[in-house]
Each structure stands twice: as C-alpha cells, then as structure tokens.
$ cat run.pdb   # PDB, C-alpha atoms
ATOM      1  CA  MET E 221      80.785 103.863 122.182
ATOM      2  CA  VAL E 222      80.668 107.086 120.172
ATOM      3  CA  LEU E 223      83.516 107.825 117.795
ATOM      4  CA  PHE E 224      84.378 111.269 116.485
ATOM      5  CA  PHE E 225      86.488 111.580 113.364
ATOM      6  CA  ILE E 226      88.342 114.592 112.036
ATOM      7  CA  TYR E 227      88.729 113.755 108.354
ATOM      8  CA  GLY E 228      92.285 113.736 107.138
ATOM      9  CA  ARG E 229      93.797 113.709 110.615
ATOM     10  CA  ILE E 230      92.876 110.468 112.348
ATOM     11  CA  CYS E 231      93.354 107.044 110.786
ATOM     12  CA  CYS E 232      91.680 103.924 112.061
ATOM     13  CA  LEU E 233      93.244 100.515 111.626
ATOM     14  CA  TYR E 234      90.642  97.760 111.742
ATOM     15  CA  ILE E 235      90.410  94.005 111.700
ATOM     16  CA  ILE E 236      87.231  92.391 110.452
ATOM     17  CA  PHE E 237      86.273  88.764 110.920
ATOM     18  CA  ARG E 238      83.999  86.245 109.242
ATOM     19  CA  GLU E 239      83.358  82.717 110.487
ATOM     20  CA  PHE E 240      85.687  79.978 109.267
ATOM     21  CA  ASN E 241      88.660  82.119 110.380
ATOM     22  CA  LYS E 242      88.505  84.632 107.534
ATOM     23  CA  THR E 243      90.063  87.968 108.504
ATOM     24  CA  TYR E 244      90.917  91.217 106.795
ATOM     25  CA  VAL E 245      93.198  93.997 108.055
ATOM     26  CA  GLY E 246      92.972  97.530 106.693
ATOM     27  CA  PHE E 247      92.973 101.195 107.623
ATOM     28  CA  THR E 248      90.798 104.176 106.786
ATOM     29  CA  SER E 249      89.903 107.692 107.852
ATOM     30  CA  SER E 250      86.192 106.808 107.886
ATOM     31  CA  ILE E 251      85.595 103.486 109.613
ATOM     32  CA  ILE E 252      81.804 103.513 109.347
ATOM     33  CA  ASP E 253      81.834 104.123 105.589
ATOM     34  CA  ARG E 254      84.553 101.529 105.087
ATOM     35  CA  ILE E 255      82.694  98.782 106.936
ATOM     36  CA  LYS E 256      79.544  99.615 104.954
ATOM     37  CA  SER E 257      81.610  99.186 101.820
ATOM     38  CA  HIS E 258      82.918  95.784 102.919
ATOM     39  CA  ASN E 259      79.449  94.532 103.869
ATOM     40  CA  PHE E 260      77.150  96.130 101.284
ATOM     41  CA  LEU E 261      78.589  98.473  98.657
ATOM     42  CA  ALA E 262      81.725  96.926  97.180
ATOM     43  CA  THR E 263      81.317  95.028  93.917
ATOM     44  CA  LYS E 264      84.749  93.411  93.682
ATOM     45  CA  GLY E 265      87.570  92.254  95.915
ATOM     46  CA  TYR E 266      88.320  89.703  98.612
ATOM     47  CA  THR E 267      85.786  90.879 101.174
ATOM     48  CA  ILE E 268      82.670  90.503  99.019
ATOM     49  CA  LYS E 269      83.091  86.716  98.987
ATOM     50  CA  PHE E 270      82.645  86.284 102.731
ATOM     51  CA  ARG E 271      79.976  88.796 103.781
ATOM     52  CA  PRO E 272      78.878  89.761 106.391
ATOM     53  CA  TRP E 273      81.956  90.941 108.312
ATOM     54  CA  THR E 274      82.199  91.864 111.993
ATOM     55  CA  VAL E 275      84.696  94.381 113.374
ATOM     56  CA  ILE E 276      86.762  92.630 116.052
ATOM     57  CA  HIS E 277      89.535  95.182 116.651
ATOM     58  CA  THR E 278      90.292  98.874 116.044
ATOM     59  CA  GLU E 279      93.280 101.105 116.726
ATOM     60  CA  PHE E 280      93.492 104.853 116.127
ATOM     61  CA  PHE E 281      96.507 106.789 114.849
ATOM     62  CA  ASN E 282      97.265 110.475 114.375
ATOM     63  CA  ASN E 283      98.650 109.942 110.886
ATOM     64  CA  LYS E 284      98.450 107.610 107.912
ATOM     65  CA  LYS E 285     102.101 106.548 108.121
ATOM     66  CA  ASP E 286     101.705 105.020 111.590
ATOM     67  CA  ALA E 287      98.510 103.208 110.558
ATOM     68  CA  MET E 288     100.262 101.795 107.469
ATOM     69  CA  GLU E 289     103.193 100.544 109.561
ATOM     70  CA  ARG E 290     100.854  98.819 112.016
ATOM     71  CA  GLU E 291      98.895  97.244 109.144
ATOM     72  CA  LYS E 292     102.134  95.949 107.638
ATOM     73  CA  PHE E 293     103.103  94.424 110.989
ATOM     74  CA  LEU E 294      99.708  92.744 111.425
ATOM     75  CA  LYS E 295     100.097  91.144 107.997
ATOM     76  CA  SER E 296     103.513  89.707 108.979
ATOM     77  CA  GLY E 297     103.993  86.341 110.647
ATOM     78  CA  GLN E 298     104.149  87.753 114.168
ATOM     79  CA  GLY E 299     101.205  90.051 113.568
ATOM     80  CA  ARG E 300      99.084  87.200 112.239
ATOM     81  CA  LEU E 301      99.496  85.428 115.577
ATOM     82  CA  PHE E 302      97.955  88.482 117.274
ATOM     83  CA  VAL E 303      95.099  88.567 114.747
ATOM     84  CA  LYS E 304      94.490  84.841 115.209
ATOM     85  CA  SER E 305      94.335  85.267 119.001
ATOM     86  CA  LEU E 306      91.483  87.765 118.526
ATOM     87  CA  CYS E 307      89.448  85.207 116.579
ATOM     88  CA  GLN E 308      89.385  82.531 119.285
TER      89      GLN E 308
END
$ encode --input "run.pdb" --output "structure tokens"
Amino acid sequence: MVLFFIYGRICCLYIIFREFNKTYVGFTSSIIDRIKSHNFLATKGYTIKFRPWTVIHTEFFNNKKDAMEREKFLKSGQGRLFVKSLCQ
C-alpha cells in the first residue's frame, strides 16, 4: 500500500501495538516519521520502554480537529474496547 501525504492537510490517527497487550494511540501528519520516532529516535516517553512497535490500525482525516476527537474517543472506555478487539 502506497500512502501519499500532503503536509498540513491530512492527519493520520494510528494505533501501535507491542506484545503483552501494550498499545498506544496517537495522530500525526507524517506517519512514517512518527513510527520511526517511536521505534528508533525518541529518547524519552512511554513508547521507548516497549520497543519495537507494530502499526495495527490507521485512519485518515482531512483536519487535525477530527483526528483529535477520534483519538479522544479511542482513549475512552468504549474506544478502548475497540482497540482491545484489534489486539486479539
């Protein structure tokens, strides 16, 4: 699958997974750079403790506001059930 990004216009919400049911939900305008950061470049934060991560889900939005709302939902109780279903 080839992805084309127009910086500043398209936001990608992503869910990454690590064995032992560790997940992380976030959004970015540059998914490839962000995943590199989680797996190799970052020097602090939650995700460095459980490397390597695998992308298990992505969603694309036309604006940052919609991506932020979806991220907030996925971090809620109902949204966590959806995230958990992806990990099984």
$ closest_residue --input "run.pdb" --among "E:Asp286, E:Glu239, E:Glu291, E:Glu279" --to "Ile251 in chain E" --atoms "all atoms listed in the file"
E:Glu279
$ atom_distance --input "run.pdb" --atom1 "CA of Leu294 in chain E" --atom2 "CA of Gln308 in chain E"
16.5 Å
$ residues_around --input "run.pdb" --residues "His258 in chain E" --least-positions-apart "3" --cutoff "8 Å" --atoms "only C-alpha atoms" --output "list in words"
Arg254, Ile255, Leu261, Ala262, Thr267, Ile268, Arg271 and Trp273 of chain E
$ atom_distance --input "run.pdb" --atom1 "CA of Phe302 in chain E" --atom2 "CA of Pro272 in chain E"
22.0 Å
$ closest_residue --input "run.pdb" --among "E:Thr263, E:Lys242, E:Phe280, E:Glu289" --to "Lys304 in chain E" --atoms "all atoms listed in the file"
E:Lys242
